[in-house]
$ cat coords11.txt   # compact mmCIF, C-alpha atoms
# COMPACT_ATOMS: atom_id res chain seq x y z
CA MET D 2 86.24 54.71 -3.33
CA ASN D 3 82.96 53.72 -4.97
CA GLU D 4 84.33 54.48 -8.43
CA TRP D 5 87.56 52.57 -7.74
CA ILE D 6 85.74 49.42 -6.62
CA ARG D 7 83.30 49.37 -9.49
CA ARG D 8 86.02 50.04 -12.06
CA ARG D 9 88.69 47.72 -10.67
CA LEU D 10 86.62 44.74 -9.58
CA PRO D 11 85.90 43.37 -13.11
CA GLU D 12 89.54 43.98 -14.06
CA LEU D 13 90.81 42.08 -11.03
CA LEU D 14 88.43 39.19 -11.70
CA GLU D 15 89.89 38.84 -15.17
CA GLU D 16 93.47 39.22 -13.94
CA HIS D 17 93.19 36.58 -11.18
CA GLY D 18 90.80 34.12 -12.76
CA VAL D 19 87.93 34.73 -10.34
CA VAL D 20 84.50 33.31 -11.19
CA GLY D 21 82.41 35.79 -9.22
CA ALA D 22 82.91 38.20 -6.33
CA GLN D 23 81.36 40.77 -4.05
CA VAL D 24 83.16 43.58 -2.23
CA ALA D 25 81.56 45.63 0.53
CA VAL D 26 83.12 48.54 2.43
CA LEU D 27 81.98 50.21 5.66
CA HIS D 28 83.39 53.72 6.15
CA ASN D 29 82.04 56.61 8.22
CA GLY D 30 78.94 54.56 8.95
CA GLU D 31 78.09 54.21 5.26
CA PHE D 32 78.25 51.22 2.91
CA VAL D 33 79.60 50.88 -0.58
CA ASP D 34 79.42 47.56 -2.38
CA ALA D 35 80.03 46.09 -5.81
CA ALA D 36 79.61 42.75 -7.56
CA ALA D 37 81.08 41.20 -10.69
CA GLY D 38 81.40 37.87 -12.45
CA VAL D 39 78.95 35.00 -12.51
CA ARG D 40 77.26 32.72 -9.98
CA ASN D 41 77.90 29.64 -12.13
CA VAL D 42 80.12 29.34 -15.21
CA ASP D 43 77.57 27.05 -16.92
CA THR D 44 74.48 29.23 -16.43
CA ASN D 45 76.33 32.59 -16.58
CA GLU D 46 73.86 34.13 -14.15
CA PRO D 47 75.50 37.36 -12.91
CA VAL D 48 76.58 37.97 -9.34
CA THR D 49 74.56 40.86 -7.88
CA GLY D 50 74.70 42.70 -4.59
CA ASP D 51 72.05 40.29 -3.26
CA THR D 52 73.87 37.07 -4.16
CA PHE D 53 74.72 34.80 -1.22
CA PHE D 54 78.14 33.19 -0.78
CA GLN D 55 79.23 30.76 1.89
CA ILE D 56 81.39 32.74 4.34
CA GLY D 57 83.22 29.70 5.72
CA SER D 58 85.13 30.15 8.96
CA ILE D 59 84.08 33.78 9.32
CA THR D 60 81.08 31.98 10.85
CA LYS D 61 83.27 31.43 13.91
CA VAL D 62 82.89 35.11 14.79
CA TRP D 63 79.10 34.65 14.74
CA THR D 64 79.37 31.55 16.95
CA ALA D 65 81.72 33.36 19.33
CA THR D 66 79.24 36.23 19.51
CA LEU D 67 76.48 33.82 20.55
CA VAL D 68 78.79 32.43 23.22
CA MET D 69 79.65 35.92 24.49
CA GLN D 70 75.94 36.72 24.77
CA LEU D 71 75.69 33.75 27.15
CA VAL D 72 78.66 35.11 29.11
CA ASN D 73 77.18 38.60 29.27
CA GLU D 74 73.89 37.17 30.56
CA GLY D 75 75.68 35.21 33.27
CA LEU D 76 74.75 31.87 31.71
CA LEU D 77 78.30 30.68 30.91
CA ASP D 78 81.74 31.05 32.50
CA LEU D 79 84.53 30.94 29.91
CA ASP D 80 87.05 29.69 32.45
CA ARG D 81 85.09 26.84 33.95
CA PRO D 82 85.39 23.38 32.32
CA VAL D 83 83.29 22.74 29.22
CA ARG D 84 81.69 19.88 31.15
CA ASP D 85 79.96 22.35 33.45
CA ALA D 86 77.71 23.20 30.50
CA LEU D 87 78.13 20.00 28.49
CA PRO D 88 78.65 17.00 30.82
CA GLU D 89 78.74 14.56 27.88
CA PHE D 90 81.87 16.17 26.36
CA ARG D 91 84.43 13.41 25.74
CA ILE D 92 87.70 13.20 23.82
CA ALA D 93 90.36 10.50 23.80
CA ASP D 94 92.36 12.12 26.61
CA GLU D 95 90.09 12.06 29.67
CA GLU D 96 92.32 14.38 31.71
CA ALA D 97 92.23 17.00 28.95
CA ALA D 98 88.47 16.62 28.51
CA ARG D 99 88.02 17.24 32.21
CA ILE D 100 89.79 20.63 32.19
CA ILE D 101 89.27 22.15 28.71
CA THR D 102 87.41 25.47 28.91
CA PRO D 103 85.21 27.43 26.48
CA ARG D 104 87.91 30.13 26.35
CA GLN D 105 90.40 27.58 25.03
CA LEU D 106 87.88 26.45 22.41
CA LEU D 107 87.31 30.06 21.32
CA CYS D 108 91.02 30.78 20.81
CA HIS D 109 92.04 27.36 19.43
CA THR D 110 94.23 26.24 22.32
CA ALA D 111 92.23 23.24 23.56
CA GLY D 112 94.84 21.00 21.96
CA PHE D 113 92.68 18.20 20.51
CA ASP D 114 92.27 17.05 16.93
CA GLY D 115 90.27 19.76 15.24
CA ASP D 116 89.38 18.56 11.74
CA LEU D 117 87.37 15.37 12.21
CA ARG D 118 84.64 15.36 9.57
CA PHE D 119 81.69 13.38 10.89
CA GLU D 120 78.61 13.18 8.67
CA THR D 121 75.75 13.36 11.16
CA GLY D 122 72.98 14.54 8.86
CA SER D 123 71.22 17.89 8.91
CA GLY D 124 68.62 17.37 11.61
CA ASP D 125 68.24 19.29 14.85
CA ASP D 126 70.40 16.64 16.57
CA MET D 127 73.38 16.90 14.20
CA LEU D 128 75.61 18.78 16.68
CA ALA D 129 74.72 16.45 19.55
CA LYS D 130 75.63 13.47 17.37
CA TYR D 131 78.90 15.12 16.32
CA VAL D 132 79.95 15.85 19.90
CA GLY D 133 79.09 12.26 20.77
CA LEU D 134 81.65 11.04 18.22
CA LEU D 135 84.52 13.17 19.56
CA SER D 136 85.59 10.46 21.99
CA GLU D 137 88.12 9.40 19.33
CA ALA D 138 89.66 12.88 18.96
CA GLY D 139 93.31 12.66 19.91
CA GLN D 140 95.21 15.24 21.96
CA ILE D 141 98.14 16.89 20.19
CA SER D 142 99.19 19.23 23.00
CA PRO D 143 98.14 19.99 26.60
CA PRO D 144 95.13 22.35 26.91
CA GLY D 145 96.18 25.99 26.78
CA GLU D 146 99.72 25.32 25.53
CA LEU D 147 99.71 25.59 21.72
CA TYR D 148 97.54 27.39 19.19
CA SER D 149 96.27 24.93 16.56
CA TYR D 150 93.16 25.75 14.54
CA CYS D 151 90.26 23.59 15.76
CA ASN D 152 87.00 23.36 13.81
CA ALA D 153 85.71 20.68 16.16
CA GLY D 154 86.08 23.04 19.10
CA TYR D 155 83.62 25.45 17.51
CA VAL D 156 81.12 22.64 16.97
CA VAL D 157 81.37 22.00 20.73
CA LEU D 158 80.73 25.71 21.32
CA GLY D 159 77.70 25.55 19.03
CA ARG D 160 76.40 22.61 21.03
CA ILE D 161 76.87 24.60 24.27
CA VAL D 162 74.75 27.38 22.73
CA GLU D 163 72.06 24.83 21.87
CA VAL D 164 72.01 23.30 25.35
CA VAL D 165 71.90 26.60 27.22
CA ARG D 166 69.31 28.18 24.90
CA GLY D 167 67.27 24.99 24.53
CA LYS D 168 67.04 25.37 20.73
CA PRO D 169 68.95 24.14 17.65
CA PHE D 170 71.99 26.22 16.71
CA ARG D 171 70.52 27.55 13.48
CA ALA D 172 67.33 28.55 15.30
CA VAL D 173 69.42 30.52 17.81
CA LEU D 174 71.22 32.25 14.93
CA HIS D 175 67.92 33.40 13.44
CA GLU D 176 66.54 34.38 16.84
CA ARG D 177 69.57 36.40 17.91
CA PHE D 178 70.36 37.98 14.53
CA GLY D 179 66.82 38.00 13.16
CA LEU D 180 67.15 41.37 11.45
CA ARG D 181 69.93 39.97 9.29
CA SER D 182 69.38 38.21 5.95
CA PHE D 183 71.33 34.96 5.77
CA ALA D 184 71.02 31.22 5.21
CA ALA D 185 71.79 29.11 8.28
CA SER D 186 71.24 25.70 6.66
CA GLN D 187 71.76 24.21 3.23
CA ALA D 188 67.98 23.78 2.94
CA GLU D 189 67.64 27.57 3.14
CA TYR D 190 69.86 28.11 0.07
CA ALA D 191 66.86 27.55 -2.21
CA LEU D 192 65.23 30.65 -0.69
CA HIS D 193 68.02 32.93 -1.84
CA GLU D 194 70.09 33.89 -4.87
CA MET D 195 73.11 31.61 -4.26
CA ALA D 196 76.49 31.60 -5.95
CA ASP D 197 77.78 28.09 -6.63
CA GLY D 198 81.25 27.10 -5.45
CA HIS D 199 83.87 26.28 -8.10
CA LEU D 200 86.94 24.02 -7.97
CA ASP D 201 89.88 23.66 -10.31
CA GLU D 202 89.49 20.65 -12.60
CA ASP D 203 92.55 20.21 -14.84
CA GLY D 204 93.19 23.95 -14.95
CA GLU D 205 89.56 24.96 -15.43
CA LEU D 206 87.22 26.21 -12.71
CA ARG D 207 84.06 24.12 -12.65
CA PRO D 208 80.97 24.31 -10.40
CA THR D 209 80.76 21.78 -7.57
CA THR D 210 77.85 20.45 -5.55
CA ASP D 211 80.13 19.20 -2.75
CA HIS D 212 79.84 20.77 0.70
CA LEU D 213 81.47 20.35 4.08
CA PRO D 214 79.43 18.33 6.61
CA GLU D 215 76.51 20.37 7.88
CA SER D 216 77.47 19.30 11.41
CA TRP D 217 80.35 21.76 11.04
CA ALA D 218 77.82 24.61 10.88
CA PRO D 219 79.13 26.50 13.96
CA SER D 220 82.67 26.39 12.57
CA GLY D 221 81.78 27.50 9.05
CA ALA D 222 80.29 24.82 6.81
CA VAL D 223 76.94 26.43 6.04
CA LEU D 224 76.35 30.11 6.84
CA ALA D 225 75.83 32.14 3.66
CA MET D 226 75.04 35.78 2.96
CA SER D 227 76.07 38.80 0.92
CA ALA D 228 79.19 40.84 1.64
CA ARG D 229 77.05 43.80 2.68
CA GLU D 230 75.10 41.66 5.15
CA LEU D 231 78.37 40.44 6.62
CA LEU D 232 79.42 44.03 7.25
CA GLU D 233 76.05 44.80 8.85
CA PHE D 234 77.06 42.19 11.43
CA VAL D 235 80.49 43.83 11.78
CA ARG D 236 78.86 47.23 12.27
CA MET D 237 76.91 45.77 15.20
CA HIS D 238 80.25 44.89 16.79
CA LEU D 239 81.63 48.37 16.20
CA GLU D 240 78.58 50.17 17.59
CA THR D 241 78.49 48.44 20.98
CA THR D 242 80.94 47.70 23.77
CA GLU D 243 79.12 44.44 24.51
CA PHE D 244 81.64 42.36 22.60
CA ASP D 245 84.87 44.31 23.17
CA ALA D 246 86.37 41.38 25.10
CA MET D 247 86.36 39.40 21.86
CA ARG D 248 89.07 41.73 20.50
CA GLU D 249 91.53 41.18 23.36
CA PRO D 250 94.54 38.93 22.61
CA GLN D 251 94.21 35.47 24.10
CA ALA D 252 96.74 33.27 22.28
CA THR D 253 99.80 34.00 20.14
CA HIS D 254 100.27 32.58 16.67
CA PRO D 255 103.51 30.92 15.73
CA ASP D 256 105.65 33.30 13.65
CA PHE D 257 104.19 33.35 10.13
CA GLY D 258 106.64 35.99 8.97
CA THR D 259 104.26 38.96 8.71
CA GLY D 260 104.39 40.52 12.18
CA GLU D 261 102.60 39.68 15.39
CA TRP D 262 99.31 37.78 15.22
CA TRP D 263 97.01 36.71 18.03
CA TRP D 264 93.68 35.04 18.52
CA GLY D 265 91.01 36.83 20.44
CA LEU D 266 87.66 35.24 21.23
CA GLY D 267 86.56 34.43 17.68
CA TRP D 268 88.48 37.28 16.01
CA GLU D 269 91.98 37.03 14.63
CA LEU D 270 94.11 40.07 15.58
CA SER D 271 97.12 41.42 13.74
CA ASN D 272 99.68 44.15 14.28
CA VAL D 273 99.74 45.78 10.83
CA GLU D 274 101.68 48.78 9.55
CA GLY D 275 99.82 51.79 10.90
CA GLY D 276 97.63 50.15 13.52
CA THR D 277 95.83 47.04 14.68
CA MET D 278 93.42 45.06 12.56
CA ILE D 279 90.91 42.32 13.35
CA GLY D 280 89.30 39.91 10.96
CA HIS D 281 88.80 36.37 9.83
CA THR D 282 89.18 34.28 6.70
CA GLY D 283 86.89 31.57 5.40
CA SER D 284 87.41 28.69 2.98
CA THR D 285 84.89 26.00 2.10
CA VAL D 286 84.43 23.79 -0.96
CA GLY D 287 84.68 26.28 -3.83
CA TYR D 288 84.29 29.49 -1.79
CA THR D 289 86.82 31.81 -0.16
CA SER D 290 86.10 34.90 1.94
CA VAL D 291 87.86 37.54 3.98
CA VAL D 292 86.75 40.29 6.34
CA ARG D 293 89.18 42.87 7.72
CA VAL D 294 88.27 45.56 10.25
CA VAL D 295 90.18 48.54 11.67
CA PRO D 296 88.02 49.39 14.69
CA GLU D 297 89.79 52.67 15.54
CA ALA D 298 89.02 53.99 12.05
CA GLY D 299 85.52 52.50 11.81
CA VAL D 300 86.54 50.82 8.55
CA ALA D 301 85.70 47.29 7.43
CA VAL D 302 86.10 45.47 4.12
CA ALA D 303 84.55 42.13 3.13
CA VAL D 304 85.39 40.21 -0.04
CA LEU D 305 83.57 37.01 -1.06
CA VAL D 306 84.43 34.80 -4.06
CA ASN D 307 83.06 31.54 -5.46
CA GLY D 308 86.18 30.22 -7.15
CA SER D 309 89.53 31.64 -8.20
CA LYS D 310 92.86 30.56 -9.65
CA ALA D 311 94.68 33.15 -7.52
CA ALA D 312 92.40 34.13 -4.64
CA TRP D 313 95.01 35.54 -2.26
CA PRO D 314 96.63 37.97 -4.74
CA PHE D 315 93.09 39.04 -5.66
CA PHE D 316 92.23 39.70 -2.01
CA ALA D 317 95.53 41.50 -1.42
CA ALA D 318 94.99 43.87 -4.35
CA ILE D 319 91.62 44.94 -2.92
CA LEU D 320 92.46 45.00 0.79
CA ASP D 321 95.80 46.77 0.44
CA HIS D 322 94.26 49.58 -1.56
CA LEU D 323 91.07 50.08 0.44
CA LEU D 324 92.54 49.68 3.93
CA GLY D 325 95.47 51.89 3.01
CA GLU D 326 93.30 54.64 1.57
CA LEU D 327 90.56 54.58 4.21
CA ALA D 328 92.33 53.51 7.41
CA GLY D 329 96.01 54.18 6.75
CA VAL D 330 97.06 50.59 7.45
CA ARG D 331 98.95 48.05 5.37
CA THR D 332 99.35 44.35 5.93
CA ARG D 333 102.94 43.36 6.54
CA LYS D 334 104.59 41.49 3.70
CA LEU D 335 106.62 38.32 3.96
CA PRO D 336 110.31 38.94 4.62
CA ASP D 337 112.79 38.56 1.80
CA VAL D 338 114.42 35.20 1.24
CA PRO D 339 118.01 35.47 2.55
CA ALA D 340 120.50 35.93 -0.28
CA ASP D 341 122.89 33.49 1.41
CA PRO D 342 120.73 31.51 3.84
CA ILE D 343 122.05 29.32 6.60
CA PRO D 344 121.55 25.75 5.39
CA ALA D 345 118.51 24.05 6.90
CA ASP D 346 119.53 20.93 8.78
CA PRO D 347 117.69 17.92 7.30
CA GLY D 348 118.79 15.82 10.26
CA LYS D 349 116.63 17.95 12.55
CA LEU D 350 113.81 18.58 10.05
CA ALA D 351 113.35 15.64 7.70
CA GLY D 352 110.44 13.33 8.38
CA LEU D 353 106.69 12.90 8.14
CA TYR D 354 104.41 15.28 10.04
CA ARG D 355 100.71 14.55 10.31
CA SER D 356 97.42 16.25 11.12
CA THR D 357 93.92 14.98 10.42
CA LEU D 358 93.72 16.77 7.08
CA LEU D 359 97.20 16.42 5.68
CA ASP D 360 100.62 14.83 5.75
CA VAL D 361 103.67 17.10 5.50
CA HIS D 362 106.69 15.39 3.98
CA ILE D 363 110.07 17.06 4.57
CA THR D 364 113.09 15.69 2.72
CA PRO D 365 116.63 17.00 2.00
CA GLY D 366 116.91 19.56 -0.81
CA ALA D 367 119.68 21.20 -2.79
CA THR D 368 120.04 24.27 -0.54
CA GLY D 369 117.46 23.56 2.15
CA VAL D 370 114.65 21.07 2.56
CA LEU D 371 111.80 20.05 0.27
CA VAL D 372 108.30 20.34 1.74
CA LYS D 373 105.24 18.66 0.28
CA ARG D 374 101.71 18.73 1.68
CA VAL D 375 99.42 15.83 0.80
CA GLY D 376 95.71 15.77 1.68
CA ARG D 377 94.73 12.67 3.64
CA ASP D 378 91.23 12.38 2.19
CA PRO D 379 89.81 13.14 -1.28
CA LEU D 380 88.36 16.52 -0.30
CA SER D 381 91.57 17.69 1.39
CA ALA D 382 93.56 16.48 -1.61
CA ALA D 383 91.31 18.49 -3.93
CA LEU D 384 91.64 21.68 -1.87
CA LEU D 385 95.39 21.49 -1.20
CA SER D 386 98.26 21.96 -3.61
CA ALA D 387 100.55 18.92 -3.38
CA GLU D 388 103.35 20.77 -5.16
CA GLU D 389 106.77 20.24 -3.59
CA ARG D 390 108.54 23.46 -2.63
CA GLU D 391 112.01 24.20 -1.35
CA PHE D 392 112.37 25.96 2.00
CA VAL D 393 115.47 27.54 3.54
CA HIS D 394 116.41 28.89 6.98
CA LEU D 395 114.88 32.24 7.95
CA THR D 396 115.19 32.11 11.76
CA ASP D 397 115.82 29.30 14.21
CA ASP D 398 112.08 28.56 14.31
CA VAL D 399 110.94 29.57 10.82
CA LEU D 400 111.68 28.35 7.30
CA ILE D 401 110.79 30.36 4.18
CA ALA D 402 109.96 29.08 0.70
CA VAL D 403 112.52 30.08 -1.92
CA ASP D 404 109.61 31.11 -4.19
CA LYS D 405 108.35 33.31 -1.32
CA SER D 406 105.02 31.49 -1.30
CA GLY D 407 104.99 31.19 2.48
CA VAL D 408 106.81 30.39 5.68
CA LEU D 409 106.86 27.28 7.85
CA PRO D 410 106.97 27.73 11.65
CA LEU D 411 108.70 24.97 13.62
CA GLY D 412 108.52 23.90 17.26
CA GLY D 413 108.39 21.12 19.78
CA ARG D 414 112.11 20.35 19.58
CA ASP D 415 113.45 17.42 21.58
CA GLU D 416 116.70 17.28 23.56
CA ASN D 417 118.63 16.69 20.31
CA GLY D 418 117.05 19.66 18.55
CA ARG D 419 114.78 17.57 16.30
CA VAL D 420 111.63 19.44 15.32
CA GLY D 421 108.44 17.97 16.78
CA TRP D 422 105.85 19.90 14.81
CA VAL D 423 105.40 22.18 11.81
CA HIS D 424 102.51 24.63 11.48
CA TRP D 425 100.03 25.39 8.71
CA SER D 426 97.54 27.14 10.99
CA ARG D 427 97.19 23.62 12.42
CA ALA D 428 100.08 21.85 14.08
CA ALA D 429 101.19 18.80 12.12
CA MET D 430 103.03 16.52 14.54
CA ARG D 431 106.09 14.42 13.69
CA VAL D 432 105.25 10.74 13.27

$ encode --input "coords11.txt" --output "C-alpha cells"
Amino acid sequence: MNEWIRRRLPELLEEHGVVGAQVAVLHNGEFVDAAAGVRNVDTNEPVTGDTFFQIGSITKVWTATLVMQLVNEGLLDLDRPVRDALPEFRIADEEAARIITPRQLLCHTAGFDGDLRFETGSGDDMLAKYVGLLSEAGQISPPGELYSYCNAGYVVLGRIVEVVRGKPFRAVLHERFGLRSFAASQAEYALHEMADGHLDEDGELRPTTDHLPESWAPSGAVLAMSARELLEFVRMHLETTEFDAMREPQATHPDFGTGEWWWGLGWELSNVEGGTMIGHTGSTVGYTSVVRVVPEAGVAVAVLVNGSKAAWPFFAAILDHLLGELAGVRTRKLPDVPADPIPADPGKLAGLYRSTLLDVHITPGATGVLVKRVGRDPLSAALLSAEEREFVHLTDDVLIAVDKSGVLPLGGRDENGRVGWVHWSRAAMRV
C-alpha cells in the first residue's frame, strides 16, 4: 500500500493536472501518507506531509460532532425547535422557523435557502451577525420533506454551539479537539505551512487569494489541516461509540444513479459494492477534498488537493484502488446511457430552475433536453462549468447525460406532470 501510494501519486498528479495533493490512509490502526506536487505554482514550494489544505465541507462532520457532544451531555435536544436554543432564529417563513429542529439542520432537510453568502467579518460575532441576516432566507420545501444541501443550516448549528458553550465557534473547536493540529480561522493560516488554492484561468491553473466568507466557518469555509490530521479525527470516531448515532440514516438522497445514498448526522452514507461507506466531500475556492471510511473494516482514506483540471477522476483512481484492496468495497458506477432511450418530454421539463447559487436552463434537444448550469454570482460562475450538455431519459425521475458526466434527479411534479425541481445536491426550483 505504502509503495503504491508513493509511486502512483506523482503519476496521477501529472495525468489529471493536479497542482498538489496529500493522501492519507488509516488501516489496522496505522497510518500511511504521501504528498506530491507544489503548494503554489509560482513559488514551486513542495507539498509535504505537514502542508495544510482547506477541507471545505468535511468541516460539517466536525460541527456535527460538536453538536452531538451537546446532545450527549444533555444540553441539546435534536428534536426540539432550534428556537429552544436560539430564540433569535428567523427565516422568511415564520411557521417553518418556529418548527425547524437541529436534526433537520444536520441532515439538510430544514428546507430553507442554504447558500446565502453574507460577509459578516471575522470577529467573534460573525456567526451571530450571519444568523441575524437569515430573515430573508426563503423556504423551498416544508421542513423535513426534501433533502437539499444547506450551508446556512450548519452556520446556525455553529451558532448554537457558541451560545450553549458561551465561547466563539473556533474557540470551541480548539477546546474540544485541542490535541489536533489545524487552523480554525484564516488568521491562523500564517502559523502553518499552507497550500494555496488554484483556479482555472483560460486553461491554466493559477493561485487565488479568494476565500468563502469566514462566517461560513461551521459549514466549511475555513478549517484547514493535513490529510493525516483529518484521519486522526476519523480514528476518534472509529474508536468510540459516543458518535455512532451520526452514522444512522436520517434522510434519503434523490436518485443520483450510483445506488442508495443517505444523510446521517453530519456524515454522508452510501451503499457501495461490498458494504457500507461513510464520508464527506469538500470544495472551496481552489481546494477539493474527500474522506471515505469503511467502519466495519477500520479503513479510511483522505485525499486533499489545491487545484486540478480533473479532480474527480483523480479521486476515483485513488479511492477505488485503496478501498478495494483494503476494505473490499467499490463505489457504484453510473449506469450506462440507454442505447435507445425513451425521449425526454420537453413539455414537462423545459424551463428555468433556480437556487441561490445557480440557474439551470433546460431546453429541447435533438434526442432529449439540453441542460446548462449558470452561476448567479461571479464566484459561482468561476467554480461551475456553464457547458451545455444533452440529457436523455433514464427513469421516470432521473435523466442521464449522453456523455455520462452525471445524472439529473427530478421531482415536485404538478397535476399535469410538469417537473417542479431538479437536483444538483441542492434543489433548484422551477421559476

$ atom_distance --input "coords11.txt" --atom1 "CA of Phe170 (chain D)" --atom2 "CA of Leu76 (chain D)"
16.3 Å

$ residues_around --input "coords11.txt" --residues "Gly287 (chain D)" --least-positions-apart "3" --cutoff "7 Å" --atoms "only C-alpha atoms" --output "NGL selection string"
:D and (198-200 or 307-308)

$ closest_residue --input "coords11.txt" --among "D:Ile343, D:Val24, D:Leu395, D:Ala428" --to "His109 (chain D)" --atoms "only C-alpha atoms"
D:Ala428

$ closest_atom_pairs --input "coords11.txt" --of "region 260-339 of chain D" --to "region 411-426 of chain D" --cutoff "12 Å" --atoms "all atoms listed in the file" --output "tab-separated table"
residue	atom	partner	partner_atom	distance
D:Trp262	CA	D:Ser426	CA	11.6
D:Trp263	CA	D:Ser426	CA	11.9
D:Trp264	CA	D:Ser426	CA	11.6
D:Glu269	CA	D:Ser426	CA	11.9
D:Thr282	CA	D:Ser426	CA	11.8

$ atom_distance --input "coords11.txt" --atom1 "CA of Pro214 (chain D)" --atom2 "CA of Ala65 (chain D)"
19.8 Å

$ atom_distance --input "coords11.txt" --atom1 "CA of Pro82 (chain D)" --atom2 "CA of His254 (chain D)"
23.5 Å

$ closest_residue --input "coords11.txt" --among "D:Leu87, D:Val223, D:Ile59, D:Ala328" --to "Glu297 (chain D)" --atoms "only C-alpha atoms"
D:Ala328

$ residues_around --input "coords11.txt" --residues "region 179-191 of chain D" --least-positions-apart "5" --cutoff "8 Å" --atoms "only C-alpha atoms" --output "number ranges by chain"
D: 53, 171, 174, 215, 218, 223-227, 230, 233-234

$ write_last_selection --input "coords11.txt" --atoms "C-alpha atoms" --output "compact mmCIF listing (two decimals), in the frame of the given file"
# COMPACT_ATOMS: atom_id res chain seq x y z
CA PHE D 53 74.72 34.80 -1.22
CA ARG D 171 70.52 27.55 13.48
CA LEU D 174 71.22 32.25 14.93
CA GLU D 215 76.51 20.37 7.88
CA ALA D 218 77.82 24.61 10.88
CA VAL D 223 76.94 26.43 6.04
CA LEU D 224 76.35 30.11 6.84
CA ALA D 225 75.83 32.14 3.66
CA MET D 226 75.04 35.78 2.96
CA SER D 227 76.07 38.80 0.92
CA GLU D 230 75.10 41.66 5.15
CA GLU D 233 76.05 44.80 8.85
CA PHE D 234 77.06 42.19 11.43

$ residues_near_point --input "coords11.txt" --point "(76.0, 29.4, 24.7)" --cutoff "6 Å" --atoms "all atoms listed in the file" --output "ChimeraX atom specification"
/D:68,71,161-162,165

$ residues_around --input "coords11.txt" --residues "region 131-135 of chain D" --least-positions-apart "5" --cutoff "7 Å" --atoms "all atoms listed in the file" --output "PDB file with C-alpha atoms, keeping the file's coordinate frame"
ATOM      1  CA  PHE D  90      81.870  16.170  26.360  1.00  0.00           C
ATOM      2  CA  ARG D  91      84.430  13.410  25.740  1.00  0.00           C
ATOM      3  CA  ILE D  92      87.700  13.200  23.820  1.00  0.00           C
ATOM      4  CA  PHE D 119      81.690  13.380  10.890  1.00  0.00           C
ATOM      5  CA  THR D 121      75.750  13.360  11.160  1.00  0.00           C
ATOM      6  CA  VAL D 157      81.370  22.000  20.730  1.00  0.00           C
ATOM      7  CA  SER D 216      77.470  19.300  11.410  1.00  0.00           C
TER       8      SER D 216
END

$ residues_near_point --input "coords11.txt" --point "(81.3, 27.6, 6.2)" --cutoff "6 Å" --atoms "all atoms listed in the file" --output "MDAnalysis selection string"
chainID D and resid 55:58 221:224 285

$ residues_around --input "coords11.txt" --residues "Val304 (chain D)" --least-positions-apart "5" --cutoff "6 Å" --atoms "all atoms listed in the file" --output "PDB file with C-alpha atoms, in the coordinates of the input"
ATOM      1  CA  GLN D  23      81.360  40.770  -4.050  1.00  0.00           C
ATOM      2  CA  VAL D  24      83.160  43.580  -2.230  1.00  0.00           C
ATOM      3  CA  SER D 290      86.100  34.900   1.940  1.00  0.00           C
ATOM      4  CA  VAL D 291      87.860  37.540   3.980  1.00  0.00           C
TER       5      VAL D 291
END

$ residues_around --input "coords11.txt" --residues "Val72 (chain D)" --least-positions-apart "2" --cutoff "12 Å" --atoms "all atoms listed in the file" --output "ChimeraX atom specification"
/D:65-70,74-81,103-104,161-162,165,243-244,246-247,266

$ closest_residue --input "coords11.txt" --among "D:Asp51, D:Asp43, D:Asp337, D:Asp85" --to "Thr209 (chain D)" --atoms "all atoms listed in the file"
D:Asp43

$ closest_residue --input "coords11.txt" --among "D:Pro88, D:Gly38, D:Pro379, D:Gly145" --to "Val164 (chain D)" --atoms "all atoms listed in the file"
D:Pro88

$ closest_residue --input "coords11.txt" --among "D:Val235, D:Ala340, D:Met430, D:Leu305" --to "Leu353 (chain D)" --atoms "only C-alpha atoms"
D:Met430
